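Asker: Below is the file input24.pdb, which contains PDB, C-alpha atoms and all ligand atoms.
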ATOM      1  CA  MET A  15     -57.227 -29.380  75.422  1.00  0.00           C
ATOM      2  CA  ILE A  16     -58.401 -27.704  78.589  1.00  0.00           C
ATOM      3  CA  GLY A  17     -60.377 -28.891  81.571  1.00  0.00           C
ATOM      4  CA  ASP A  18     -59.550 -31.585  84.077  1.00  0.00           C
ATOM      5  CA  SER A  19     -60.455 -34.660  82.012  1.00  0.00           C
ATOM      6  CA  ALA A  20     -57.869 -36.620  80.028  1.00  0.00           C
ATOM      7  CA  PRO A  21     -57.298 -35.295  76.494  1.00  0.00           C
ATOM      8  CA  VAL A  22     -59.404 -37.085  73.905  1.00  0.00           C
ATOM      9  CA  ASP A  23     -59.326 -37.206  70.144  1.00  0.00           C
ATOM     10  CA  ILE A  24     -62.240 -36.542  67.799  1.00  0.00           C
ATOM     11  CA  ARG A  25     -64.391 -39.707  67.907  1.00  0.00           C
ATOM     12  CA  ASN A  26     -67.734 -39.182  66.222  1.00  0.00           C
ATOM     13  CA  ARG A  27     -70.084 -36.774  64.459  1.00  0.00           C
ATOM     14  CA  ALA A  28     -71.079 -35.134  67.724  1.00  0.00           C
ATOM     15  CA  ASP A  29     -67.416 -34.247  68.308  1.00  0.00           C
ATOM     16  CA  CYS A  30     -67.202 -32.770  64.784  1.00  0.00           C
ATOM     17  CA  GLU A  31     -70.277 -30.661  65.474  1.00  0.00           C
ATOM     18  CA  ARG A  32     -68.916 -29.477  68.815  1.00  0.00           C
ATOM     19  CA  LEU A  33     -65.695 -28.437  67.103  1.00  0.00           C
ATOM     20  CA  VAL A  34     -67.531 -26.627  64.316  1.00  0.00           C
ATOM     21  CA  ARG A  35     -69.822 -24.760  66.731  1.00  0.00           C
ATOM     22  CA  ALA A  36     -66.902 -23.720  68.937  1.00  0.00           C
ATOM     23  CA  PHE A  37     -65.051 -22.508  65.828  1.00  0.00           C
ATOM     24  CA  TYR A  38     -67.968 -20.341  64.705  1.00  0.00           C
ATOM     25  CA  SER A  39     -68.591 -18.880  68.133  1.00  0.00           C
ATOM     26  CA  ARG A  40     -65.037 -17.582  67.966  1.00  0.00           C
ATOM     27  CA  THR A  41     -65.010 -16.680  64.269  1.00  0.00           C
ATOM     28  CA  LEU A  42     -68.277 -14.775  63.912  1.00  0.00           C
ATOM     29  CA  THR A  43     -67.049 -12.146  66.369  1.00  0.00           C
ATOM     30  CA  ASP A  44     -63.453 -12.125  65.130  1.00  0.00           C
ATOM     31  CA  PRO A  45     -62.238  -8.583  64.347  1.00  0.00           C
ATOM     32  CA  VAL A  46     -60.339  -9.739  61.235  1.00  0.00           C
ATOM     33  CA  ILE A  47     -62.685 -12.131  59.401  1.00  0.00           C
ATOM     34  CA  GLY A  48     -65.974 -12.096  61.365  1.00  0.00           C
ATOM     35  CA  PHE A  49     -67.558  -9.518  59.035  1.00  0.00           C
ATOM     36  CA  ILE A  50     -67.135 -11.831  56.028  1.00  0.00           C
ATOM     37  CA  PHE A  51     -69.461 -14.372  57.626  1.00  0.00           C
ATOM     38  CA  THR A  52     -71.939 -11.991  59.255  1.00  0.00           C
ATOM     39  CA  ASP A  53     -72.078  -9.021  56.868  1.00  0.00           C
ATOM     40  CA  VAL A  54     -70.955 -10.330  53.470  1.00  0.00           C
ATOM     41  CA  ALA A  55     -72.147 -13.954  53.456  1.00  0.00           C
ATOM     42  CA  LYS A  56     -74.912 -13.354  56.040  1.00  0.00           C
ATOM     43  CA  LEU A  57     -74.296 -16.905  57.143  1.00  0.00           C
ATOM     44  CA  ASP A  58     -77.294 -18.959  58.237  1.00  0.00           C
ATOM     45  CA  LEU A  59     -75.472 -20.860  60.961  1.00  0.00           C
ATOM     46  CA  GLU A  60     -78.148 -23.487  61.581  1.00  0.00           C
ATOM     47  CA  ALA A  61     -78.221 -24.378  57.883  1.00  0.00           C
ATOM     48  CA  HIS A  62     -74.438 -24.332  57.609  1.00  0.00           C
ATOM     49  CA  VAL A  63     -73.456 -26.335  60.724  1.00  0.00           C
ATOM     50  CA  PRO A  64     -74.809 -29.700  59.460  1.00  0.00           C
ATOM     51  CA  ARG A  65     -72.999 -29.283  56.099  1.00  0.00           C
ATOM     52  CA  ILE A  66     -69.645 -28.338  57.542  1.00  0.00           C
ATOM     53  CA  THR A  67     -70.021 -31.033  60.207  1.00  0.00           C
ATOM     54  CA  SER A  68     -70.531 -33.540  57.380  1.00  0.00           C
ATOM     55  CA  PHE A  69     -67.436 -32.204  55.656  1.00  0.00           C
ATOM     56  CA  TRP A  70     -65.302 -32.888  58.738  1.00  0.00           C
ATOM     57  CA  GLU A  71     -66.988 -36.209  59.440  1.00  0.00           C
ATOM     58  CA  THR A  72     -66.047 -37.215  55.865  1.00  0.00           C
ATOM     59  CA  VAL A  73     -62.460 -36.012  56.138  1.00  0.00           C
ATOM     60  CA  LEU A  74     -61.751 -37.315  59.638  1.00  0.00           C
ATOM     61  CA  LEU A  75     -64.020 -40.305  60.165  1.00  0.00           C
ATOM     62  CA  SER A  76     -64.388 -41.627  56.605  1.00  0.00           C
ATOM     63  CA  ALA A  77     -68.119 -40.986  56.606  1.00  0.00           C
ATOM     64  CA  ARG A  78     -69.573 -40.253  53.190  1.00  0.00           C
ATOM     65  CA  SER A  79     -71.950 -37.627  54.456  1.00  0.00           C
ATOM     66  CA  TYR A  80     -70.435 -34.701  52.512  1.00  0.00           C
ATOM     67  CA  GLY A  81     -71.229 -34.441  48.816  1.00  0.00           C
ATOM     68  CA  GLY A  82     -68.442 -32.073  47.725  1.00  0.00           C
ATOM     69  CA  GLY A  83     -68.401 -28.685  46.074  1.00  0.00           C
ATOM     70  CA  ALA A  84     -66.653 -26.928  48.950  1.00  0.00           C
ATOM     71  CA  PHE A  85     -64.862 -24.423  46.722  1.00  0.00           C
ATOM     72  CA  ARG A  86     -67.885 -22.829  45.102  1.00  0.00           C
ATOM     73  CA  PRO A  87     -69.248 -20.726  48.015  1.00  0.00           C
ATOM     74  CA  HIS A  88     -65.760 -19.286  48.480  1.00  0.00           C
ATOM     75  CA  ALA A  89     -65.554 -18.307  44.816  1.00  0.00           C
ATOM     76  CA  GLU A  90     -68.890 -16.506  45.180  1.00  0.00           C
ATOM     77  CA  LEU A  91     -67.671 -14.788  48.327  1.00  0.00           C
ATOM     78  CA  HIS A  92     -64.430 -13.744  46.633  1.00  0.00           C
ATOM     79  CA  ALA A  93     -66.395 -11.997  43.896  1.00  0.00           C
ATOM     80  CA  LYS A  94     -67.998  -9.822  46.603  1.00  0.00           C
ATOM     81  CA  VAL A  95     -65.030  -9.223  48.885  1.00  0.00           C
ATOM     82  CA  ARG A  96     -61.566 -10.273  47.804  1.00  0.00           C
ATOM     83  CA  LEU A  97     -60.455 -13.171  50.042  1.00  0.00           C
ATOM     84  CA  ARG A  98     -56.790 -12.583  50.761  1.00  0.00           C
ATOM     85  CA  ARG A  99     -53.960 -14.685  52.126  1.00  0.00           C
ATOM     86  CA  GLY A 100     -54.278 -12.877  55.477  1.00  0.00           C
ATOM     87  CA  HIS A 101     -57.935 -13.885  55.777  1.00  0.00           C
ATOM     88  CA  PHE A 102     -57.044 -17.552  55.264  1.00  0.00           C
ATOM     89  CA  GLU A 103     -54.149 -17.268  57.719  1.00  0.00           C
ATOM     90  CA  ARG A 104     -56.520 -15.863  60.309  1.00  0.00           C
ATOM     91  CA  TRP A 105     -59.085 -18.606  59.590  1.00  0.00           C
ATOM     92  CA  LEU A 106     -56.371 -21.224  60.175  1.00  0.00           C
ATOM     93  CA  VAL A 107     -55.271 -19.647  63.477  1.00  0.00           C
ATOM     94  CA  LEU A 108     -58.866 -19.655  64.762  1.00  0.00           C
ATOM     95  CA  TRP A 109     -59.396 -23.242  63.583  1.00  0.00           C
ATOM     96  CA  GLY A 110     -56.116 -24.486  65.083  1.00  0.00           C
ATOM     97  CA  THR A 111     -56.786 -22.775  68.405  1.00  0.00           C
ATOM     98  CA  THR A 112     -60.268 -24.297  68.597  1.00  0.00           C
ATOM     99  CA  VAL A 113     -59.049 -27.804  67.713  1.00  0.00           C
ATOM    100  CA  ASP A 114     -56.277 -27.639  70.320  1.00  0.00           C
ATOM    101  CA  GLU A 115     -58.626 -26.363  72.977  1.00  0.00           C
ATOM    102  CA  LEU A 116     -61.020 -29.288  72.612  1.00  0.00           C
ATOM    103  CA  PHE A 117     -59.121 -32.293  71.257  1.00  0.00           C
ATOM    104  CA  GLU A 118     -55.773 -33.986  71.125  1.00  0.00           C
ATOM    105  CA  GLY A 119     -54.579 -36.840  68.923  1.00  0.00           C
ATOM    106  CA  GLU A 120     -54.091 -38.023  65.367  1.00  0.00           C
ATOM    107  CA  LEU A 121     -57.446 -36.828  64.086  1.00  0.00           C
ATOM    108  CA  ALA A 122     -57.051 -33.458  65.777  1.00  0.00           C
ATOM    109  CA  GLU A 123     -53.744 -33.109  63.911  1.00  0.00           C
ATOM    110  CA  LEU A 124     -55.413 -34.206  60.678  1.00  0.00           C
ATOM    111  CA  ALA A 125     -58.149 -31.599  61.180  1.00  0.00           C
ATOM    112  CA  LYS A 126     -55.467 -28.906  61.265  1.00  0.00           C
ATOM    113  CA  SER A 127     -53.331 -30.237  58.403  1.00  0.00           C
ATOM    114  CA  HIS A 128     -56.247 -30.866  56.069  1.00  0.00           C
ATOM    115  CA  ALA A 129     -57.556 -27.348  56.704  1.00  0.00           C
ATOM    116  CA  GLU A 130     -54.135 -25.989  55.735  1.00  0.00           C
ATOM    117  CA  ARG A 131     -54.172 -27.938  52.476  1.00  0.00           C
ATOM    118  CA  VAL A 132     -57.669 -26.836  51.593  1.00  0.00           C
ATOM    119  CA  ALA A 133     -56.840 -23.207  52.440  1.00  0.00           C
ATOM    120  CA  SER A 134     -53.784 -23.205  50.130  1.00  0.00           C
ATOM    121  CA  ALA A 135     -55.750 -24.877  47.349  1.00  0.00           C
ATOM    122  CA  PHE A 136     -58.612 -22.375  47.672  1.00  0.00           C
ATOM    123  CA  LEU A 137     -56.243 -19.418  47.727  1.00  0.00           C
ATOM    124  CA  ALA A 138     -54.488 -20.637  44.574  1.00  0.00           C
ATOM    125  CA  ARG A 139     -57.777 -21.247  42.752  1.00  0.00           C
ATOM    126  CA  LEU A 140     -59.173 -17.834  43.761  1.00  0.00           C
ATOM    127  CA  ALA A 141     -56.229 -16.067  42.117  1.00  0.00           C
ATOM    128  CA  SER A 142     -57.786 -16.538  38.681  1.00  0.00           C
ATOM    129  CA  ILE A 143     -61.213 -15.222  39.715  1.00  0.00           C
ATOM    130  CA  PRO A 144     -61.875 -11.480  39.427  1.00  0.00           C
ATOM    131  CA  ALA A 145     -62.589  -9.734  42.718  1.00  0.00           C
ATOM    132  CA  PRO A 146     -63.195  -6.165  43.812  1.00  0.00           C
ATOM    133  CA  ASP A 147     -60.133  -4.198  44.876  1.00  0.00           C
ATOM    134  CA  GLY A 148     -60.403  -3.176  48.488  1.00  0.00           C
ATOM    135  CA  PRO A 149     -58.698  -0.248  50.161  1.00  0.00           C
ATOM    136  CA  ALA A 150     -54.914  -0.015  50.466  1.00  0.00           C
ATOM    137  CA  VAL A 151     -53.309  -3.303  51.351  1.00  0.00           C
ATOM    138  CA  ALA A 152     -50.482  -3.745  53.822  1.00  0.00           C
ATOM    139  CA  ALA A 153     -47.872  -6.491  53.939  1.00  0.00           C
ATOM    140  CA  GLY A 154     -49.729  -9.649  54.878  1.00  0.00           C
ATOM    141  CA  GLY A 155     -52.563  -8.777  52.559  1.00  0.00           C
ATOM    142  CA  LEU A 156     -55.097  -7.185  54.890  1.00  0.00           C
ATOM    143  CA  ALA A 157     -56.797  -3.872  54.312  1.00  0.00           C
ATOM    144  CA  VAL A 158     -55.632  -1.010  56.476  1.00  0.00           C
ATOM    145  CA  THR A 159     -57.969   1.832  57.315  1.00  0.00           C
ATOM    146  CA  HIS A 160     -57.051   5.067  59.006  1.00  0.00           C
ATOM    147  CA  HIS A 161     -58.818   6.002  62.225  1.00  0.00           C
ATOM    148  CA  GLY A 162     -58.606   8.961  64.506  1.00  0.00           C
ATOM    149  CA  PRO A 163     -57.851  12.620  63.859  1.00  0.00           C
ATOM    150  CA  ASP A 164     -56.156  13.500  60.608  1.00  0.00           C
ATOM    151  CA  LEU A 165     -52.832  14.940  61.686  1.00  0.00           C
ATOM    152  CA  GLY A 166     -52.010  15.900  58.111  1.00  0.00           C
TER     153      GLY A 166
HETATM  154  C1  LIG B   1     -58.401 -39.186  54.729  1.00  0.00           C
HETATM  155  C2  LIG B   1     -58.399 -38.897  53.466  1.00  0.00           C
HETATM  156  C3  LIG B   1     -59.045 -37.651  52.946  1.00  0.00           C
HETATM  157  C4  LIG B   1     -60.363 -37.349  52.849  1.00  0.00           C
HETATM  158  C5  LIG B   1     -61.541 -38.207  53.254  1.00  0.00           C
HETATM  159  C6  LIG B   1     -60.443 -36.031  52.236  1.00  0.00           C
HETATM  160  C7  LIG B   1     -61.624 -35.370  51.964  1.00  0.00           C
HETATM  161  C8  LIG B   1     -61.737 -34.179  51.319  1.00  0.00           C
HETATM  162  C9  LIG B   1     -62.971 -33.518  50.979  1.00  0.00           C
HETATM  163  C10 LIG B   1     -64.368 -34.084  51.253  1.00  0.00           C
HETATM  164  C11 LIG B   1     -62.663 -32.382  50.350  1.00  0.00           C
HETATM  165  C12 LIG B   1     -63.649 -31.367  49.773  1.00  0.00           C
HETATM  166  C13 LIG B   1     -63.813 -31.681  48.297  1.00  0.00           C
HETATM  167  C14 LIG B   1     -64.875 -30.837  47.635  1.00  0.00           C
HETATM  168  O1  LIG B   1     -65.700 -30.235  48.285  1.00  0.00           O
HETATM  169  O2  LIG B   1     -64.902 -30.777  46.382  1.00  0.00           O
HETATM  170  C15 LIG B   1     -61.227 -32.274  50.291  1.00  0.00           C
HETATM  171  C16 LIG B   1     -60.525 -31.246  49.713  1.00  0.00           C
HETATM  172  C17 LIG B   1     -59.152 -31.213  49.606  1.00  0.00           C
HETATM  173  N1  LIG B   1     -58.256 -32.132  50.077  1.00  0.00           N
HETATM  174 FE1  LIG B   1     -58.715 -33.810  51.075  1.00  0.00          FE
HETATM  175  N2  LIG B   1     -59.193 -35.564  51.982  1.00  0.00           N
HETATM  176  C18 LIG B   1     -58.303 -36.530  52.394  1.00  0.00           C
HETATM  177  C19 LIG B   1     -56.932 -36.483  52.309  1.00  0.00           C
HETATM  178  C20 LIG B   1     -56.225 -35.484  51.691  1.00  0.00           C
HETATM  179  C21 LIG B   1     -54.796 -35.488  51.498  1.00  0.00           C
HETATM  180  C22 LIG B   1     -53.868 -36.612  51.937  1.00  0.00           C
HETATM  181  C23 LIG B   1     -54.485 -34.344  50.831  1.00  0.00           C
HETATM  182  C24 LIG B   1     -53.170 -33.823  50.343  1.00  0.00           C
HETATM  183  C25 LIG B   1     -52.014 -34.414  50.500  1.00  0.00           C
HETATM  184  C26 LIG B   1     -55.712 -33.607  50.628  1.00  0.00           C
HETATM  185  C27 LIG B   1     -55.814 -32.385  50.005  1.00  0.00           C
HETATM  186  C28 LIG B   1     -56.990 -31.734  49.739  1.00  0.00           C
HETATM  187  C29 LIG B   1     -57.069 -30.459  49.035  1.00  0.00           C
HETATM  188  C30 LIG B   1     -55.898 -29.671  48.465  1.00  0.00           C
HETATM  189  C31 LIG B   1     -58.427 -30.137  48.955  1.00  0.00           C
HETATM  190  C32 LIG B   1     -59.049 -28.883  48.314  1.00  0.00           C
HETATM  191  C33 LIG B   1     -59.357 -29.166  46.876  1.00  0.00           C
HETATM  192  C34 LIG B   1     -59.983 -27.961  46.220  1.00  0.00           C
HETATM  193  O3  LIG B   1     -61.207 -27.811  46.260  1.00  0.00           O
HETATM  194  O4  LIG B   1     -59.252 -27.152  45.649  1.00  0.00           O
HETATM  195  N3  LIG B   1     -56.744 -34.323  51.177  1.00  0.00           N
HETATM  196  N4  LIG B   1     -60.694 -33.390  50.898  1.00  0.00           N
HETATM  197  C1  LIG B   2     -61.080 -16.642  54.773  1.00  0.00           C
HETATM  198  C2  LIG B   2     -61.398 -17.902  54.881  1.00  0.00           C
HETATM  199  C3  LIG B   2     -62.793 -18.441  54.746  1.00  0.00           C
HETATM  200  C4  LIG B   2     -63.989 -17.805  54.716  1.00  0.00           C
HETATM  201  C5  LIG B   2     -64.270 -16.310  54.838  1.00  0.00           C
HETATM  202  C6  LIG B   2     -65.009 -18.823  54.546  1.00  0.00           C
HETATM  203  C7  LIG B   2     -66.364 -18.574  54.486  1.00  0.00           C
HETATM  204  C8  LIG B   2     -67.325 -19.506  54.239  1.00  0.00           C
HETATM  205  C9  LIG B   2     -68.737 -19.243  54.155  1.00  0.00           C
HETATM  206  C10 LIG B   2     -69.385 -17.873  54.351  1.00  0.00           C
HETATM  207  C11 LIG B   2     -69.351 -20.401  53.880  1.00  0.00           C
HETATM  208  C12 LIG B   2     -70.851 -20.658  53.784  1.00  0.00           C
HETATM  209  C13 LIG B   2     -71.452 -20.460  52.472  1.00  0.00           C
HETATM  210  C14 LIG B   2     -72.959 -20.598  52.640  1.00  0.00           C
HETATM  211  O1  LIG B   2     -73.429 -21.711  52.860  1.00  0.00           O
HETATM  212  O2  LIG B   2     -73.631 -19.584  52.588  1.00  0.00           O
HETATM  213  C15 LIG B   2     -68.329 -21.426  53.799  1.00  0.00           C
HETATM  214  C16 LIG B   2     -68.562 -22.757  53.536  1.00  0.00           C
HETATM  215  C17 LIG B   2     -67.610 -23.749  53.669  1.00  0.00           C
HETATM  216  N1  LIG B   2     -66.287 -23.578  53.976  1.00  0.00           N
HETATM  217 FE1  LIG B   2     -65.336 -21.826  54.208  1.00  0.00          FE
HETATM  218  N2  LIG B   2     -64.408 -20.046  54.497  1.00  0.00           N
HETATM  219  C18 LIG B   2     -63.059 -19.863  54.620  1.00  0.00           C
HETATM  220  C19 LIG B   2     -62.090 -20.852  54.616  1.00  0.00           C
HETATM  221  C20 LIG B   2     -62.338 -22.190  54.606  1.00  0.00           C
HETATM  222  C21 LIG B   2     -61.331 -23.224  54.761  1.00  0.00           C
HETATM  223  C22 LIG B   2     -59.839 -22.988  54.966  1.00  0.00           C
HETATM  224  C23 LIG B   2     -61.970 -24.397  54.677  1.00  0.00           C
HETATM  225  C24 LIG B   2     -61.294 -25.748  54.798  1.00  0.00           C
HETATM  226  C25 LIG B   2     -61.593 -26.629  55.619  1.00  0.00           C
HETATM  227  C26 LIG B   2     -63.388 -24.128  54.466  1.00  0.00           C
HETATM  228  C27 LIG B   2     -64.378 -25.077  54.303  1.00  0.00           C
HETATM  229  C28 LIG B   2     -65.685 -24.808  54.010  1.00  0.00           C
HETATM  230  C29 LIG B   2     -66.668 -25.831  53.706  1.00  0.00           C
HETATM  231  C30 LIG B   2     -66.437 -27.337  53.635  1.00  0.00           C
HETATM  232  C31 LIG B   2     -67.885 -25.169  53.482  1.00  0.00           C
HETATM  233  C32 LIG B   2     -69.244 -25.812  53.153  1.00  0.00           C
HETATM  234  C33 LIG B   2     -69.552 -25.715  51.691  1.00  0.00           C
HETATM  235  C34 LIG B   2     -70.882 -26.399  51.431  1.00  0.00           C
HETATM  236  O3  LIG B   2     -71.917 -25.822  51.776  1.00  0.00           O
HETATM  237  O4  LIG B   2     -70.864 -27.519  50.918  1.00  0.00           O
HETATM  238  N3  LIG B   2     -63.566 -22.774  54.437  1.00  0.00           N
HETATM  239  N4  LIG B   2     -67.109 -20.851  54.026  1.00  0.00           N
END
Using the file provided, produce a representation of the structure as structure tokens.
Ligand code: HEM
Ligand code: HEM

Answerer:
Amino acid sequence: MIGDSAPVDIRNRADCERLVRAFYSRTLTDPVIGFIFTDVAKLDLEAHVPRITSFWETVLLSARSYGGGAFRPHAELHAKVRLRRGHFERWLVLWGTTVDELFEGELAELAKSHAERVASAFLARLASIPAPDGPAVAAGGLAVTHHGPDLG
């Protein structure tokens, strides 16, 4: 939580949407996972924001605005570009940073812990789905490319 007002927890749908928009403004330009959203998924942010806002409103505020089926788009994505542990770890860092910047309280904590559970569940389910092999993979599961002059 930053700013000079007292820390507040997530209270309503508008707070969920603010959180989601702040997350994407950070994530779409992220050097590690941004390309998955912009280049691979070609995310339509204005179509996506209401759905993901409903997801969080359902998880955090017991709304019933989200209909389910969250795993499927990730399975489709994985078939195009293998989603690795390191990608999910990065996603969780960006999510946690955004939550902490804007909110503080029980629901803010739940937003972080539920994301961790979903991320582990997705990662486990993706393991049985075929995906393209990327370039060489370093410890931590992210692709490493070589830049600069070839020094032999
Ligand atoms: C406040 C109560 C909770 C609500 C309203 C809630 C809501 C949801 C929703 C809407 C989804 C997406 C489901 C889909 O799209 O098919 C989900 C997924 C998930 N939740 Fe929760 N959740 C709650 C508590 C919990 C708790 C206590 C746990 C574990 C201890 C948990 C673990 C998971 C996992 C692992 C997934 C991913 C499932 C998958 O697709 O593989 N949730 N939850
Ligand atoms: C590497 C990690 C991840 C990537 C690259 C990723 C990417 C995406 C993309 C591109 C979509 C939009 C699909 C579309 O509408 O075109 C999406 C949807 C979604 N993602 Fe993720 N995601 C990641 C991790 C997570 C995690 C950890 C959660 C857990 C909270 C999550 C929850 C959702 C939900 C709820 C949707 C909406 C599905 C629907 O339309 O009903 N994602 N994700």

Asker: Please return as a PyMOL selection string the residues found within 12 Å of ligand LIG 1 (chain B), counting only C-alpha atoms and all ligand atoms.

Answerer: chain A and resi 65-89+120-121+123-140

Asker: So what does the PyMOL selection byres (((chain A and resi 34-44) around 7) and not hetatm) actually pick up in this one, as a ChimeraX atom specification?

Answerer: /A:30-33,45-48,51-52,63,67,108-109,112

Asker: Centre and edge lengths of an axis-aligned box around all listed atoms of ligand LIG 2 (chain B), with 6 Å added on each side, are to be given in Å to one decimal, as JSON.

Answerer:
{"center_x": -66.7, "center_y": -21.9, "center_z": 53.3, "size_x": 25.8, "size_y": 23.2, "size_z": 16.7}

Asker: Separation of atom C1 of ligand LIG 2 (chain B) and CA of Asp23 (chain A), in Å?

Answerer: 25.7 Å

Asker: In Å to one decimal, how far is CA of Arg25 (chain A) from atom C10 of ligand LIG 2 (chain B)?

Answerer: 26.2 Å

Asker: How many Å lie between atom C22 of ligand LIG 2 (chain B) and CA of Ala141 (chain A), rounded to one decimal?

Answerer: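 Separation between atom C22 of ligand LIG 2 (chain B) and CA of Ala141 (chain A): 15.0 Å.
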
Asker: Could you rebuild region 69-76 of chain A with all heavy atoms and give me the result as a PDB file, keeping the file's coordinate frame?

Answerer:
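Contents of selection_19.pdb, freshly written:
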ATOM      1  N   PHE A  69     -68.750 -32.325  56.295  1.00  0.00           N
ATOM      2  CA  PHE A  69     -67.436 -32.204  55.656  1.00  0.00           C
ATOM      3  C   PHE A  69     -66.356 -32.806  56.571  1.00  0.00           C
ATOM      4  O   PHE A  69     -65.571 -33.665  56.155  1.00  0.00           O
ATOM      5  CB  PHE A  69     -67.135 -30.726  55.351  1.00  0.00           C
ATOM      6  CG  PHE A  69     -65.716 -30.466  54.923  1.00  0.00           C
ATOM      7  CD1 PHE A  69     -65.309 -30.709  53.615  1.00  0.00           C
ATOM      8  CD2 PHE A  69     -64.772 -29.985  55.833  1.00  0.00           C
ATOM      9  CE1 PHE A  69     -63.985 -30.470  53.219  1.00  0.00           C
ATOM     10  CE2 PHE A  69     -63.455 -29.744  55.444  1.00  0.00           C
ATOM     11  CZ  PHE A  69     -63.068 -29.986  54.134  1.00  0.00           C
ATOM     12  N   TRP A  70     -66.352 -32.394  57.832  1.00  0.00           N
ATOM     13  CA  TRP A  70     -65.302 -32.888  58.738  1.00  0.00           C
ATOM     14  C   TRP A  70     -65.481 -34.352  59.086  1.00  0.00           C
ATOM     15  O   TRP A  70     -64.506 -35.088  59.254  1.00  0.00           O
ATOM     16  CB  TRP A  70     -65.217 -32.002  59.993  1.00  0.00           C
ATOM     17  CG  TRP A  70     -64.575 -30.699  59.640  1.00  0.00           C
ATOM     18  CD1 TRP A  70     -65.172 -29.468  59.581  1.00  0.00           C
ATOM     19  CD2 TRP A  70     -63.215 -30.499  59.215  1.00  0.00           C
ATOM     20  NE1 TRP A  70     -64.267 -28.516  59.146  1.00  0.00           N
ATOM     21  CE2 TRP A  70     -63.059 -29.119  58.925  1.00  0.00           C
ATOM     22  CE3 TRP A  70     -62.110 -31.339  59.044  1.00  0.00           C
ATOM     23  CZ2 TRP A  70     -61.849 -28.577  58.477  1.00  0.00           C
ATOM     24  CZ3 TRP A  70     -60.906 -30.804  58.609  1.00  0.00           C
ATOM     25  CH2 TRP A  70     -60.786 -29.444  58.330  1.00  0.00           C
ATOM     26  N   GLU A  71     -66.731 -34.791  59.173  1.00  0.00           N
ATOM     27  CA  GLU A  71     -66.988 -36.209  59.440  1.00  0.00           C
ATOM     28  C   GLU A  71     -66.455 -37.057  58.278  1.00  0.00           C
ATOM     29  O   GLU A  71     -65.923 -38.161  58.474  1.00  0.00           O
ATOM     30  CB  GLU A  71     -68.504 -36.411  59.607  1.00  0.00           C
ATOM     31  CG  GLU A  71     -68.906 -37.792  60.079  1.00  0.00           C
ATOM     32  CD  GLU A  71     -70.415 -37.999  60.011  1.00  0.00           C
ATOM     33  OE1 GLU A  71     -71.113 -37.301  59.236  1.00  0.00           O
ATOM     34  OE2 GLU A  71     -70.906 -38.878  60.749  1.00  0.00           O
ATOM     35  N   THR A  72     -66.554 -36.512  57.058  1.00  0.00           N
ATOM     36  CA  THR A  72     -66.047 -37.215  55.865  1.00  0.00           C
ATOM     37  C   THR A  72     -64.522 -37.240  55.848  1.00  0.00           C
ATOM     38  O   THR A  72     -63.902 -38.273  55.589  1.00  0.00           O
ATOM     39  CB  THR A  72     -66.611 -36.542  54.595  1.00  0.00           C
ATOM     40  OG1 THR A  72     -68.032 -36.629  54.633  1.00  0.00           O
ATOM     41  CG2 THR A  72     -66.094 -37.211  53.333  1.00  0.00           C
ATOM     42  N   VAL A  73     -63.925 -36.092  56.151  1.00  0.00           N
ATOM     43  CA  VAL A  73     -62.460 -36.012  56.138  1.00  0.00           C
ATOM     44  C   VAL A  73     -61.861 -36.864  57.260  1.00  0.00           C
ATOM     45  O   VAL A  73     -60.900 -37.613  57.047  1.00  0.00           O
ATOM     46  CB  VAL A  73     -61.991 -34.547  56.287  1.00  0.00           C
ATOM     47  CG1 VAL A  73     -60.488 -34.471  56.470  1.00  0.00           C
ATOM     48  CG2 VAL A  73     -62.438 -33.718  55.084  1.00  0.00           C
ATOM     49  N   LEU A  74     -62.414 -36.740  58.461  1.00  0.00           N
ATOM     50  CA  LEU A  74     -61.751 -37.315  59.638  1.00  0.00           C
ATOM     51  C   LEU A  74     -62.198 -38.732  59.967  1.00  0.00           C
ATOM     52  O   LEU A  74     -61.409 -39.526  60.482  1.00  0.00           O
ATOM     53  CB  LEU A  74     -62.012 -36.427  60.867  1.00  0.00           C
ATOM     54  CG  LEU A  74     -61.526 -34.976  60.739  1.00  0.00           C
ATOM     55  CD1 LEU A  74     -61.969 -34.169  61.956  1.00  0.00           C
ATOM     56  CD2 LEU A  74     -60.006 -34.913  60.567  1.00  0.00           C
ATOM     57  N   LEU A  75     -63.458 -39.032  59.690  1.00  0.00           N
ATOM     58  CA  LEU A  75     -64.020 -40.305  60.165  1.00  0.00           C
ATOM     59  C   LEU A  75     -64.468 -41.203  59.019  1.00  0.00           C
ATOM     60  O   LEU A  75     -65.183 -42.176  59.231  1.00  0.00           O
ATOM     61  CB  LEU A  75     -65.190 -40.030  61.121  1.00  0.00           C
ATOM     62  CG  LEU A  75     -64.817 -39.153  62.341  1.00  0.00           C
ATOM     63  CD1 LEU A  75     -66.076 -38.685  63.060  1.00  0.00           C
ATOM     64  CD2 LEU A  75     -63.902 -39.905  63.299  1.00  0.00           C
ATOM     65  N   SER A  76     -64.049 -40.837  57.781  1.00  0.00           N
ATOM     66  CA  SER A  76     -64.388 -41.627  56.605  1.00  0.00           C
ATOM     67  C   SER A  76     -65.884 -41.856  56.417  1.00  0.00           C
ATOM     68  O   SER A  76     -66.283 -42.850  55.828  1.00  0.00           O
ATOM     69  CB  SER A  76     -63.673 -42.982  56.623  1.00  0.00           C
ATOM     70  OG  SER A  76     -62.310 -42.813  56.900  1.00  0.00           O
TER      71      SER A  76
END
